[in-house]
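What follows is upload.cif (mmCIF, C-alpha atoms and all ligand atoms).
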```
data_query
loop_
_atom_site.label_atom_id
_atom_site.label_comp_id
_atom_site.auth_asym_id
_atom_site.auth_seq_id
_atom_site.Cartn_x
_atom_site.Cartn_y
_atom_site.Cartn_z
CA MET A 18 109.80 134.41 128.54
CA ALA A 19 108.94 135.64 125.04
CA ASN A 20 111.35 134.59 122.27
CA LYS A 21 113.06 132.12 124.52
CA ALA A 22 113.67 128.81 122.76
CA LEU A 23 113.00 125.40 124.25
CA ASN A 24 115.65 122.83 123.51
CA ILE A 25 114.47 119.28 123.22
CA PHE A 26 117.32 116.83 123.47
CA GLN A 27 116.85 113.56 121.71
CA VAL A 28 118.61 110.85 123.60
CA ARG A 29 118.34 107.93 121.22
CA LYS A 30 118.60 109.79 117.94
CA THR A 31 121.55 112.07 117.35
CA ASN A 32 119.82 115.24 116.23
CA TRP A 33 117.97 117.52 118.61
CA LEU A 34 115.20 119.96 118.02
CA SER A 35 114.54 123.48 119.07
CA VAL A 36 111.03 124.80 119.43
CA GLN A 37 110.91 128.49 118.69
CA ASN A 38 108.28 130.91 119.84
CA ASN A 39 106.45 130.41 116.55
CA ALA A 40 106.33 126.70 117.34
CA LYS A 41 108.29 125.61 114.25
CA LEU A 42 110.57 122.66 114.92
CA THR A 43 113.93 122.51 113.20
CA PRO A 44 116.54 119.76 113.40
CA GLU A 45 119.90 121.09 114.57
CA THR A 46 123.42 119.89 115.21
CA PRO A 47 123.73 117.18 117.88
CA LYS A 48 124.32 118.58 121.35
CA THR A 49 124.03 117.35 124.88
CA PRO A 50 121.75 118.80 127.53
CA PRO A 51 123.41 121.39 129.78
CA ARG A 52 124.79 119.81 132.92
CA GLY A 53 122.88 120.17 136.11
CA VAL A 54 119.52 120.77 134.46
CA ALA A 55 116.76 118.55 135.70
CA ALA A 56 115.11 116.90 132.74
CA ALA A 57 111.80 115.21 132.09
CA ARG A 58 111.80 112.26 129.74
CA ILE A 59 109.05 112.18 127.25
CA CYS A 60 108.44 109.43 124.72
CA LEU A 61 107.49 111.03 121.41
CA ASN A 62 106.87 107.76 119.64
CA SER A 63 107.94 104.19 120.04
CA GLN A 64 111.42 104.84 118.69
CA VAL A 65 112.28 108.31 119.96
CA ARG A 66 112.80 109.40 123.54
CA VAL A 67 113.50 113.00 124.39
CA ARG A 68 114.67 114.87 127.44
CA ILE A 69 113.05 118.15 128.13
CA PRO A 70 114.38 120.26 130.99
CA THR A 71 111.42 120.44 133.34
CA CYS A 72 112.13 124.06 134.20
CA VAL A 73 111.53 125.10 130.59
CA LEU A 74 108.85 122.60 129.69
CA ALA A 75 106.06 124.46 131.41
CA ALA A 76 107.35 127.78 130.09
CA ALA A 77 107.59 126.48 126.56
CA LEU A 78 104.10 125.05 126.59
CA TRP A 79 102.87 128.37 127.95
CA VAL A 80 104.42 129.98 124.85
CA LEU A 81 103.38 127.29 122.37
CA LEU A 82 99.88 126.60 123.40
CA PRO A 83 97.04 129.02 122.81
CA ALA A 84 96.15 131.36 125.65
CA SER A 85 94.44 129.16 128.20
CA ALA A 86 90.70 129.42 127.94
CA ALA A 87 88.25 128.16 130.50
CA THR A 88 88.22 124.38 130.64
CA ARG A 89 85.96 121.77 132.14
CA ALA A 90 86.78 118.25 133.25
CA VAL A 91 84.71 115.72 131.34
CA LYS A 92 84.81 111.96 130.82
CA ASP A 93 85.65 111.18 127.23
CA GLN A 94 84.03 108.30 125.35
CA THR A 95 86.80 105.94 126.49
CA GLY A 96 86.27 106.82 130.16
CA ARG A 97 89.31 109.08 130.61
CA VAL A 98 88.89 112.36 132.44
CA VAL A 99 89.96 115.18 130.14
CA ASN A 100 90.19 118.94 130.65
CA VAL A 101 88.38 120.19 127.58
CA PRO A 102 88.18 123.89 126.64
CA GLU A 103 84.69 125.34 127.04
CA SER A 104 84.81 126.35 123.44
CA PRO A 105 87.53 124.55 121.45
CA HIS A 106 88.54 126.17 118.17
CA ARG A 107 91.90 124.72 117.19
CA LEU A 108 91.33 121.04 116.52
CA VAL A 109 93.68 118.30 115.45
CA SER A 110 92.15 115.00 114.36
CA LEU A 111 94.13 111.78 114.65
CA ALA A 112 91.80 109.52 112.66
CA PRO A 113 89.89 109.49 109.37
CA ASN A 114 86.50 108.83 110.99
CA ILE A 115 86.98 111.78 113.34
CA THR A 116 88.02 114.07 110.51
CA GLU A 117 84.82 113.08 108.70
CA ILE A 118 82.75 113.87 111.79
CA VAL A 119 84.44 117.26 112.22
CA TYR A 120 83.58 118.20 108.62
CA ALA A 121 80.03 116.85 108.92
CA LEU A 122 79.54 119.17 111.91
CA GLY A 123 80.66 122.13 109.77
CA LEU A 124 83.96 122.55 111.60
CA GLY A 125 86.37 122.02 108.70
CA ASP A 126 87.74 125.55 109.13
CA GLU A 127 88.65 124.84 112.74
CA LEU A 128 90.60 121.73 111.86
CA GLU A 129 94.25 122.77 112.12
CA GLY A 130 95.63 119.39 111.15
CA ASP A 131 94.88 115.75 110.56
CA THR A 132 96.71 112.55 109.60
CA ASP A 133 98.16 111.14 106.39
CA ASN A 134 95.24 108.69 106.48
CA CYS A 135 92.56 111.40 106.48
CA ASP A 136 91.35 111.55 102.89
CA PHE A 137 87.65 112.43 103.14
CA PRO A 138 86.21 114.92 102.41
CA PRO A 139 88.83 115.83 99.79
CA GLN A 140 89.65 119.12 101.61
CA ALA A 141 90.93 117.01 104.51
CA LYS A 142 93.86 115.97 102.34
CA LEU A 143 94.99 119.60 102.11
CA LYS A 144 95.28 120.12 105.86
CA PRO A 145 98.70 119.96 107.52
CA HIS A 146 99.35 116.32 108.38
CA VAL A 147 100.80 115.21 111.71
CA GLY A 148 101.92 111.83 110.36
CA THR A 149 100.15 108.48 110.39
CA MET A 150 97.30 107.66 112.71
CA VAL A 151 99.26 104.88 114.40
CA ASN A 152 102.43 106.90 114.83
CA PRO A 153 101.71 110.63 114.68
CA SER A 154 104.50 113.15 115.27
CA LEU A 155 104.13 114.81 118.63
CA GLU A 156 106.32 117.69 117.43
CA ARG A 157 103.95 118.41 114.56
CA ILE A 158 100.90 118.23 116.79
CA VAL A 159 102.44 120.70 119.25
CA ALA A 160 103.42 123.03 116.40
CA LEU A 161 99.77 123.30 115.34
CA LYS A 162 98.90 124.71 118.78
CA PRO A 163 95.71 122.69 119.20
CA ASP A 164 93.39 123.48 122.04
CA LEU A 165 91.87 120.01 121.60
CA VAL A 166 93.16 116.85 119.94
CA LEU A 167 90.64 114.21 118.93
CA GLY A 168 91.74 110.57 118.93
CA THR A 169 90.28 107.07 119.01
CA PRO A 170 91.16 103.51 120.04
CA GLU A 171 89.90 102.55 116.55
CA ALA A 172 93.06 104.05 115.06
CA ASN A 173 95.46 105.45 117.67
CA ARG A 174 97.64 104.07 120.40
CA ARG A 175 96.85 104.78 124.02
CA GLU A 176 100.46 105.90 124.35
CA THR A 177 99.78 108.87 122.05
CA ALA A 178 96.98 110.05 124.32
CA ASP A 179 99.21 109.63 127.39
CA GLN A 180 102.12 111.52 125.79
CA LEU A 181 99.88 114.45 124.89
CA GLU A 182 98.39 114.44 128.36
CA ARG A 183 101.89 114.72 129.83
CA LEU A 184 102.44 117.77 127.65
CA GLY A 185 99.20 119.30 128.89
CA ILE A 186 97.45 118.95 125.53
CA PRO A 187 93.98 117.48 126.01
CA LEU A 188 93.02 114.51 123.82
CA TYR A 189 89.32 113.71 123.76
CA GLY A 190 88.81 110.02 122.96
CA VAL A 191 86.01 109.06 120.59
CA THR A 192 84.87 105.44 120.33
CA ALA A 193 81.96 103.23 119.38
CA ASN A 194 81.40 99.51 119.23
CA THR A 195 77.95 99.49 117.63
CA LEU A 196 76.12 101.40 114.91
CA ALA A 197 73.93 103.10 117.51
CA GLY A 198 77.09 103.85 119.49
CA THR A 199 78.55 105.57 116.44
CA LEU A 200 75.52 107.83 116.24
CA ALA A 201 75.77 108.52 119.97
CA SER A 202 79.47 109.30 119.67
CA ILE A 203 78.81 111.86 116.91
CA GLU A 204 76.16 113.49 119.05
CA ASP A 205 78.47 113.58 122.06
CA LEU A 206 81.29 115.11 120.00
CA GLY A 207 78.84 117.72 118.74
CA LYS A 208 78.22 118.78 122.35
CA ILE A 209 81.94 118.93 123.15
CA LEU A 210 82.65 121.02 120.05
CA GLY A 211 79.70 123.39 120.49
CA ARG A 212 77.77 121.95 117.53
CA ALA A 213 75.02 120.02 119.29
CA ALA A 214 72.26 121.03 116.87
CA GLU A 215 74.32 120.13 113.78
CA ALA A 216 75.21 116.79 115.35
CA ARG A 217 71.56 116.03 116.10
CA ASN A 218 70.76 116.77 112.48
CA VAL A 219 73.51 114.50 111.13
CA VAL A 220 72.44 111.72 113.49
CA ALA A 221 68.74 112.07 112.60
CA GLN A 222 69.56 111.68 108.90
CA MET A 223 71.73 108.66 109.61
CA GLN A 224 69.04 107.08 111.80
CA ALA A 225 66.40 107.51 109.09
CA ARG A 226 68.61 105.63 106.65
CA VAL A 227 69.30 102.88 109.20
CA ASP A 228 65.56 102.47 109.76
CA ARG A 229 64.89 102.21 106.01
CA VAL A 230 67.46 99.43 105.65
CA LYS A 231 65.98 97.55 108.61
CA THR A 232 62.51 97.72 107.08
CA ARG A 233 63.67 96.51 103.69
CA ILE A 234 65.54 93.46 104.90
CA ALA A 235 63.10 92.45 107.64
CA GLY A 236 62.21 88.75 107.58
CA ARG A 237 64.85 87.74 105.02
CA PRO A 238 67.13 84.74 105.61
CA LYS A 239 70.48 85.75 107.07
CA PRO A 240 73.68 84.63 105.33
CA LYS A 241 76.82 83.81 107.36
CA VAL A 242 79.41 86.42 106.54
CA LEU A 243 83.16 86.55 107.09
CA PHE A 244 84.63 90.04 107.25
CA VAL A 245 88.33 90.05 106.49
CA VAL A 246 90.00 92.98 108.25
CA TRP A 247 93.42 91.56 107.41
CA TYR A 248 94.17 88.36 105.55
CA ARG A 249 97.71 87.32 106.52
CA PRO A 250 97.29 86.44 109.33
CA LEU A 251 93.51 86.37 109.08
CA ILE A 252 92.07 89.07 111.34
CA THR A 253 88.31 89.35 111.53
CA VAL A 254 85.87 91.33 113.64
CA GLY A 255 84.89 90.41 117.18
CA PRO A 256 81.19 90.46 118.14
CA HIS A 257 81.47 93.75 120.03
CA THR A 258 82.64 95.94 117.17
CA PHE A 259 80.82 98.49 115.07
CA ILE A 260 81.62 96.43 111.95
CA ALA A 261 79.96 93.28 113.33
CA ASP A 262 76.97 95.41 114.29
CA VAL A 263 76.71 96.89 110.78
CA MET A 264 76.82 93.34 109.38
CA ARG A 265 74.00 92.25 111.69
CA THR A 266 71.96 95.36 110.88
CA ALA A 267 72.48 94.70 107.18
CA GLY A 268 70.89 91.28 107.69
CA GLY A 269 73.90 89.00 108.06
CA ILE A 270 75.40 86.78 110.74
CA PRO A 271 79.06 87.61 111.32
CA ILE A 272 81.43 84.64 111.51
CA GLY A 273 83.32 85.02 114.78
CA GLU A 274 80.41 85.74 117.13
CA ASP A 275 82.08 83.46 119.69
CA LEU A 276 85.56 84.97 119.31
CA LYS A 277 87.15 87.03 122.07
CA GLY A 278 88.50 90.54 121.59
CA GLU A 279 87.69 93.22 119.07
CA TRP A 280 89.99 92.29 116.19
CA PRO A 281 90.66 88.57 116.72
CA ARG A 282 92.87 86.33 114.64
CA LEU A 283 91.27 83.27 113.13
CA SER A 284 93.16 80.31 111.73
CA LEU A 285 92.02 78.89 108.41
CA GLU A 286 91.50 75.53 110.16
CA GLU A 287 89.03 77.25 112.51
CA LEU A 288 87.38 79.04 109.61
CA LEU A 289 86.88 76.08 107.26
CA PRO A 290 84.10 74.32 109.27
CA GLN A 291 82.27 77.63 109.71
CA ASP A 292 81.77 77.71 105.94
CA PRO A 293 80.78 81.36 105.36
CA ASP A 294 78.16 82.06 102.69
CA LEU A 295 79.88 85.31 101.77
CA ILE A 296 83.29 86.86 102.32
CA LEU A 297 83.72 90.62 102.54
CA PHE A 298 86.96 92.56 102.12
CA PRO A 299 87.41 96.28 102.67
CA GLU A 300 88.31 98.16 99.53
CA SER A 301 91.46 99.66 100.87
CA GLU A 302 94.84 99.63 99.15
CA SER A 303 96.64 98.27 102.14
CA PHE A 304 94.07 95.61 103.07
CA SER A 305 93.03 93.97 99.85
CA PRO A 306 94.74 91.53 97.54
CA SER A 307 92.69 90.63 94.45
CA LYS A 308 89.97 87.96 94.42
CA GLN A 309 92.12 85.84 92.10
CA GLU A 310 94.87 85.77 94.71
CA PHE A 311 92.46 84.24 97.24
CA GLN A 312 91.42 81.60 94.74
CA ASN A 313 95.02 80.41 94.67
CA LEU A 314 95.90 80.82 98.34
CA PRO A 315 96.31 77.59 100.36
CA GLY A 316 93.44 77.20 102.85
CA TRP A 317 91.37 79.95 101.27
CA LYS A 318 90.84 78.09 98.02
CA ASP A 319 89.09 75.25 99.94
CA LEU A 320 86.33 77.55 101.16
CA GLN A 321 83.07 77.13 99.24
CA ALA A 322 82.53 80.91 99.11
CA VAL A 323 85.93 81.30 97.44
CA LYS A 324 85.32 78.42 95.01
CA GLU A 325 81.98 79.94 94.01
CA ASN A 326 83.34 83.47 93.92
CA ARG A 327 81.03 84.77 96.64
CA MET A 328 83.62 87.39 97.63
CA PHE A 329 82.86 91.09 97.68
CA PHE A 330 84.87 94.21 98.17
CA VAL A 331 83.08 96.85 100.20
CA SER A 332 83.92 100.52 100.47
CA GLU A 333 86.39 101.55 103.17
CA THR A 334 83.52 103.46 104.82
CA ILE A 335 82.89 100.16 106.69
CA LEU A 336 86.20 100.75 108.52
CA ARG A 337 85.26 104.24 109.73
CA PRO A 338 82.78 104.76 112.55
CA GLY A 339 81.65 108.14 111.31
CA PRO A 340 78.90 109.77 109.23
CA ARG A 341 79.52 107.51 106.22
CA LEU A 342 79.02 104.30 108.17
CA VAL A 343 75.43 104.30 106.88
CA ASP A 344 76.80 104.29 103.31
CA ALA A 345 78.53 101.05 104.29
CA LEU A 346 75.33 99.71 105.85
CA GLU A 347 73.34 100.34 102.67
CA GLU A 348 76.07 98.85 100.53
CA LEU A 349 76.26 95.71 102.69
CA ALA A 350 72.50 95.28 102.78
CA GLY A 351 72.54 95.46 98.97
CA ILE A 352 75.19 92.72 98.78
CA LEU A 353 73.61 90.46 101.40
CA HIS A 354 70.06 90.95 100.12
CA PRO A 355 70.24 91.93 96.46
CA GLY A 356 67.11 93.69 95.33
CA ALA A 357 65.85 94.28 98.86
CA ALA A 358 67.98 97.23 99.83
CA PRO A 359 69.26 99.20 96.86
CA ARG A 360 71.86 101.83 97.69
CA GLU A 361 70.42 105.34 98.04
C1 LIG A 401 92.37 95.90 113.31
C2 LIG A 401 92.76 97.05 112.42
C3 LIG A 401 91.86 98.10 112.27
C4 LIG A 401 90.59 98.27 113.09
C5 LIG A 401 90.89 99.27 114.25
C6 LIG A 401 91.54 98.63 115.44
C7 LIG A 401 92.85 99.23 115.91
N1 LIG A 401 92.84 99.93 116.99
O1 LIG A 401 93.87 99.04 115.31
C8 LIG A 401 89.66 98.93 112.03
C9 LIG A 401 89.02 97.84 111.22
C10 LIG A 401 88.57 99.84 112.61
C11 LIG A 401 90.70 99.67 111.21
C12 LIG A 401 90.40 100.78 110.45
C13 LIG A 401 91.34 101.47 109.68
N2 LIG A 401 92.62 101.14 109.49
CO1 LIG A 401 93.43 99.64 110.41
N3 LIG A 401 94.29 98.07 110.93
C14 LIG A 401 94.00 97.08 111.73
C15 LIG A 401 95.08 96.00 111.71
C16 LIG A 401 94.64 94.89 110.78
C17 LIG A 401 95.43 95.41 113.06
C18 LIG A 401 95.74 96.45 114.12
C19 LIG A 401 95.70 95.79 115.45
O2 LIG A 401 96.21 94.71 115.65
N4 LIG A 401 95.10 96.45 116.38
C20 LIG A 401 95.02 95.88 117.70
C21 LIG A 401 95.61 96.83 118.72
C22 LIG A 401 96.92 97.52 118.36
O3 LIG A 401 94.66 97.82 118.82
P1 LIG A 401 93.63 97.75 119.98
O4 LIG A 401 93.39 96.37 120.43
O5 LIG A 401 92.44 98.50 119.51
O6 LIG A 401 94.42 98.49 121.15
C23 LIG A 401 94.82 99.84 121.08
C24 LIG A 401 93.68 100.80 121.36
O7 LIG A 401 92.76 100.18 122.20
C25 LIG A 401 94.42 101.96 122.03
N5 LIG A 401 93.64 102.63 123.07
C26 LIG A 401 93.15 102.10 124.18
N6 LIG A 401 92.51 103.01 124.89
C27 LIG A 401 92.63 104.17 124.25
C28 LIG A 401 92.15 105.42 124.55
C29 LIG A 401 92.43 106.49 123.68
C30 LIG A 401 91.91 107.84 123.99
C31 LIG A 401 93.20 106.25 122.50
C32 LIG A 401 93.51 107.39 121.58
C33 LIG A 401 93.66 104.97 122.20
C34 LIG A 401 93.36 103.95 123.08
O8 LIG A 401 95.60 101.47 122.61
C35 LIG A 401 95.75 100.09 122.25
C36 LIG A 401 97.18 99.81 121.91
O9 LIG A 401 97.80 100.89 121.31
C37 LIG A 401 96.31 96.82 111.15
C38 LIG A 401 97.27 96.02 110.26
C39 LIG A 401 98.13 95.07 111.06
N7 LIG A 401 98.19 93.86 110.63
O10 LIG A 401 98.69 95.49 112.07
C40 LIG A 401 95.62 97.90 110.32
C41 LIG A 401 96.20 99.32 110.25
C42 LIG A 401 96.54 99.77 111.66
N8 LIG A 401 95.10 100.10 109.74
C43 LIG A 401 95.46 100.96 108.90
C44 LIG A 401 94.56 101.84 108.20
C45 LIG A 401 95.17 102.68 107.09
C46 LIG A 401 93.21 101.91 108.54
C47 LIG A 401 92.16 102.83 107.91
C48 LIG A 401 92.61 104.28 107.74
C49 LIG A 401 91.72 102.21 106.58
C50 LIG A 401 90.84 103.08 105.71
N9 LIG A 401 91.20 103.13 104.46
O11 LIG A 401 89.89 103.65 106.17
C51 LIG A 401 90.96 102.70 108.92
C52 LIG A 401 90.81 103.95 109.82
C53 LIG A 401 89.75 103.81 110.85
C54 LIG A 401 89.31 105.10 111.44
N10 LIG A 401 89.26 105.18 112.75
O12 LIG A 401 88.98 106.04 110.74
C55 LIG A 401 96.95 100.99 108.71
C56 LIG A 401 97.60 102.15 109.46
C57 LIG A 401 98.69 102.77 108.67
C58 LIG A 401 99.44 103.75 109.54
N11 LIG A 401 100.75 103.70 109.38
O13 LIG A 401 98.90 104.48 110.32
C59 LIG A 401 97.36 99.56 109.22
C60 LIG A 401 98.75 99.45 109.84
C61 LIG A 401 97.22 98.64 107.99
C62 LIG A 401 98.27 98.97 106.94
N12 LIG A 401 99.38 98.30 106.91
O14 LIG A 401 98.08 99.83 106.14
N13 LIG A 401 91.89 99.10 111.31
#
```
For the file at hand, write its structure as structure tokens.
Amino acid sequence: MANKALNIFQVRKTNWLSVQNNAKLTPETPKTPPRGVAAARICLNSQVRVRIPTCVLAAALWVLLPASAATRAVKDQTGRVVNVPESPHRLVSLAPNITEIVYALGLGDELEGDTDNCDFPPQAKLKPHVGTMVNPSLERIVALKPDLVLGTPEANRRETADQLERLGIPLYGVTANTLAGTLASIEDLGKILGRAAEARNVVAQMQARVDRVKTRIAGRPKPKVLFVVWYRPLITVGPHTFIADVMRTAGGIPIGEDLKGEWPRLSLEELLPQDPDLILFPESESFSPSKQEFQNLPGWKDLQAVKENRMFFVSETILRPGPRLVDALEELAGILHPGAAPRE
């Protein structure tokens, strides 16, 4: 089987790819699959469908993937059953928060690849990228020969997890919808990655900072806060999200407590009567127009908080359920209760 190449025929796009023994993928001249070969269809991303002859698929994965180590079936944080290696060492992260957790656990050297969106710590930017978190390249993931891929509903599509599963590459799902859940998810990932003690340490430090914020803001009046995940259309946070929980822990009342879903849309007509005391925007290139733009936008300019310039940009750490979520908590507490909770 050694040195045999696997041909992956792309049906919708004209080029096709060959995966060599060294797992490098190179576009080649268009060809058609050999006649009479049974083929499995695999969806690489939403646009591209490929046909892989089933007889060579298993063989190719045997060549491409690292020698199979002992695995155990575990439930991931999203409830999927995943065959995880006893001791994973070749990791690929599909989300910025996960990349940050991997580094915080001291596993930066075992991270074979991450996404274009993974920019912290700075070393993460130097890792091979597998594409964007929403639409990663399956070819690039396979080429990195991961023994475990780490993904999350807070960034990735379920389809990506399913595609990898069909290729026999385990994806362990990480998720959290509260601040405490974020700490628990870090601890759980520590166990999966053989870094339980490091994870406990990270979590203990985070918890101590959470407790300090809670003490400082205790008994203070709680402002009503709108968090703008996306402004056109307006997308805010549902009550069962880690962001809403950080806002509550920082001493605020999130607008949208009665909304359904995690990232609900809100019309400006619905928002106006709710009259938020403060409006928060994440400081992220793609998310944030300037404050001045809001002051001129129809609907927005009628909000009292916009008229009185009670709008604040908060660090993108608020968008990432990872070790820096407590940075966001401290920052928010400082904005909501100036003087009571200075940033550490
Ligand atoms: C809401 C939202 C978020 C939410 C996450 C929700 C989500 N899953 O999308 C929050 C606020 C956490 C977020 C964070 C970030 N986001 Co965002 N976000 C959006 C936004 C505004 C809407 C996306 C949406 O509608 N999601 C709803 C649906 C698709 O997601 P969902 O309900 O959660 O359902 C999916 C999951 O549940 C998943 N799923 C279900 N079960 C399971 C199980 C497993 C194991 C897995 C893997 C998945 C999975 O499958 C479902 C469908 O695919 C888009 C912009 C836009 N207008 O589209 C940007 C967008 C997706 N975000 C973006 C970015 C860059 C980020 C950040 C990197 C920003 C930053 N600077 O930190 C962070 C990364 C967070 C992290 N994990 O580290 C970019 C992505 C760019 C790209 N090409 O990849 C977008 C497109 C904005 C933009 N134009 O730049 N984001």
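The two atoms in question, CA of Leu128 (chain A) and CA of Ala216 (chain A), are spaced 16.5 Å apart.
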*Name the closest residue to ligand LIG 401 (chain A) among the candidates A:Gly190, A:Pro281, A:Gly211, A:Pro163; distances are taken between atoms, counting all atoms listed in the file.*
A:Gly190
Hey, could you make a per-residue contact list for chain A against ligand LIG 401 (chain A) with 6 Å as the cut-off, showing the nearest pair of atoms and its distance in Å to one decimal, counting all atoms listed in the file, sorted by chain and number, as a tab-separated table?
```
residue	atom	partner	partner_atom	distance
A:Thr95	CA	A:LIG401	C28	5.7
A:Ala112	CA	A:LIG401	O12	4.9
A:Pro113	CA	A:LIG401	O12	3.8
A:Asn114	CA	A:LIG401	O12	3.7
A:Asn134	CA	A:LIG401	C48	5.3
A:Thr149	CA	A:LIG401	O13	4.2
A:Met150	CA	A:LIG401	O13	4.3
A:Val151	CA	A:LIG401	O13	4.1
A:Gly168	CA	A:LIG401	C32	4.5
A:Thr169	CA	A:LIG401	C32	4.1
A:Pro170	CA	A:LIG401	C33	3.6
A:Glu171	CA	A:LIG401	N1	4.0
A:Ala172	CA	A:LIG401	N1	4.6
A:Asn173	CA	A:LIG401	C32	4.8
A:Arg174	CA	A:LIG401	O9	3.3
A:Arg175	CA	A:LIG401	C33	3.7
A:Ala178	CA	A:LIG401	C32	5.2
A:Gly190	CA	A:LIG401	C30	3.9
A:Val246	CA	A:LIG401	C16	5.6
A:Trp247	CA	A:LIG401	C16	4.9
A:Trp280	CA	A:LIG401	C1	5.2
A:Ser301	CA	A:LIG401	N9	5.0
A:Ser303	CA	A:LIG401	O14	4.5
A:Glu333	CA	A:LIG401	O11	5.1
A:Leu336	CA	A:LIG401	C12	4.6
A:Arg337	CA	A:LIG401	O12	4.3
```
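From CA of Glu300 (chain A) back to CA of Lys318 (chain A), the distance works out to 20.3 Å.
Residue nearest Ala357 (chain A) within the list A:Gly148, A:Gly96, A:Gly185, A:Gly268: A:Gly268 [criterion: smallest interatomic distance, only C-alpha atoms].
In this structure, CA of Val343 (chain A) sits 6.3 Å away from CA of Met223 (chain A).
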*In terms of the shortest atom-to-atom distance over all atoms listed in the file, which of A:Leu167, A:Gly316, A:Leu188, A:Arg282 is closest to Arg97 (chain A)?*
A:Leu188
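Among the candidates A:Ile158, A:Leu297, A:Leu285, A:Leu143, the residue lying nearest to Leu314 (chain A) is A:Leu285 (atoms considered: only C-alpha atoms).
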Is it possible to produce a file of region 213-258 of chain A from this structure, with C-alpha atoms, as a PDB file, in the first residue's frame?
```
ATOM      1  CA  ALA A 213      -5.712  17.691  33.998  1.00  0.00           C
ATOM      2  CA  ALA A 214      -3.450  19.347  36.577  1.00  0.00           C
ATOM      3  CA  GLU A 215      -2.612  22.293  34.292  1.00  0.00           C
ATOM      4  CA  ALA A 216      -6.308  22.740  33.523  1.00  0.00           C
ATOM      5  CA  ARG A 217      -7.203  22.748  37.223  1.00  0.00           C
ATOM      6  CA  ASN A 218      -4.598  25.425  37.756  1.00  0.00           C
ATOM      7  CA  VAL A 219      -5.884  27.623  34.906  1.00  0.00           C
ATOM      8  CA  VAL A 220      -9.451  27.214  36.146  1.00  0.00           C
ATOM      9  CA  ALA A 221      -8.527  28.000  39.769  1.00  0.00           C
ATOM     10  CA  GLN A 222      -6.889  31.259  38.685  1.00  0.00           C
ATOM     11  CA  MET A 223      -9.898  32.172  36.574  1.00  0.00           C
ATOM     12  CA  GLN A 224     -12.302  31.356  39.411  1.00  0.00           C
ATOM     13  CA  ALA A 225     -10.374  33.552  41.854  1.00  0.00           C
ATOM     14  CA  ARG A 226     -10.719  36.488  39.461  1.00  0.00           C
ATOM     15  CA  VAL A 227     -14.436  35.798  38.967  1.00  0.00           C
ATOM     16  CA  ASP A 228     -14.936  35.777  42.733  1.00  0.00           C
ATOM     17  CA  ARG A 229     -13.106  39.102  43.132  1.00  0.00           C
ATOM     18  CA  VAL A 230     -15.344  40.753  40.534  1.00  0.00           C
ATOM     19  CA  LYS A 231     -18.468  39.385  42.226  1.00  0.00           C
ATOM     20  CA  THR A 232     -17.363  40.785  45.583  1.00  0.00           C
ATOM     21  CA  ARG A 233     -16.587  44.208  44.170  1.00  0.00           C
ATOM     22  CA  ILE A 234     -19.876  44.735  42.397  1.00  0.00           C
ATOM     23  CA  ALA A 235     -22.110  43.138  45.034  1.00  0.00           C
ATOM     24  CA  GLY A 236     -25.159  45.246  45.915  1.00  0.00           C
ATOM     25  CA  ARG A 237     -24.725  47.773  43.093  1.00  0.00           C
ATOM     26  CA  PRO A 238     -27.653  48.772  40.863  1.00  0.00           C
ATOM     27  CA  LYS A 239     -27.733  46.789  37.628  1.00  0.00           C
ATOM     28  CA  PRO A 240     -27.854  48.653  34.307  1.00  0.00           C
ATOM     29  CA  LYS A 241     -29.764  47.214  31.327  1.00  0.00           C
ATOM     30  CA  VAL A 242     -27.229  46.316  28.683  1.00  0.00           C
ATOM     31  CA  LEU A 243     -27.571  45.563  24.983  1.00  0.00           C
ATOM     32  CA  PHE A 244     -24.780  43.448  23.532  1.00  0.00           C
ATOM     33  CA  VAL A 245     -24.509  43.842  19.784  1.00  0.00           C
ATOM     34  CA  VAL A 246     -23.066  40.683  18.249  1.00  0.00           C
ATOM     35  CA  TRP A 247     -23.940  41.942  14.772  1.00  0.00           C
ATOM     36  CA  TYR A 248     -25.645  45.189  13.888  1.00  0.00           C
ATOM     37  CA  ARG A 249     -27.192  44.720  10.432  1.00  0.00           C
ATOM     38  CA  PRO A 250     -29.426  42.872  11.055  1.00  0.00           C
ATOM     39  CA  LEU A 251     -29.202  43.347  14.812  1.00  0.00           C
ATOM     40  CA  ILE A 252     -28.105  40.081  16.407  1.00  0.00           C
ATOM     41  CA  THR A 253     -27.822  40.002  20.171  1.00  0.00           C
ATOM     42  CA  VAL A 254     -27.199  37.315  22.763  1.00  0.00           C
ATOM     43  CA  GLY A 255     -29.849  34.903  24.000  1.00  0.00           C
ATOM     44  CA  PRO A 256     -30.178  34.304  27.755  1.00  0.00           C
ATOM     45  CA  HIS A 257     -28.447  30.918  27.618  1.00  0.00           C
ATOM     46  CA  THR A 258     -25.105  32.056  26.238  1.00  0.00           C
TER      47      THR A 258
END
```
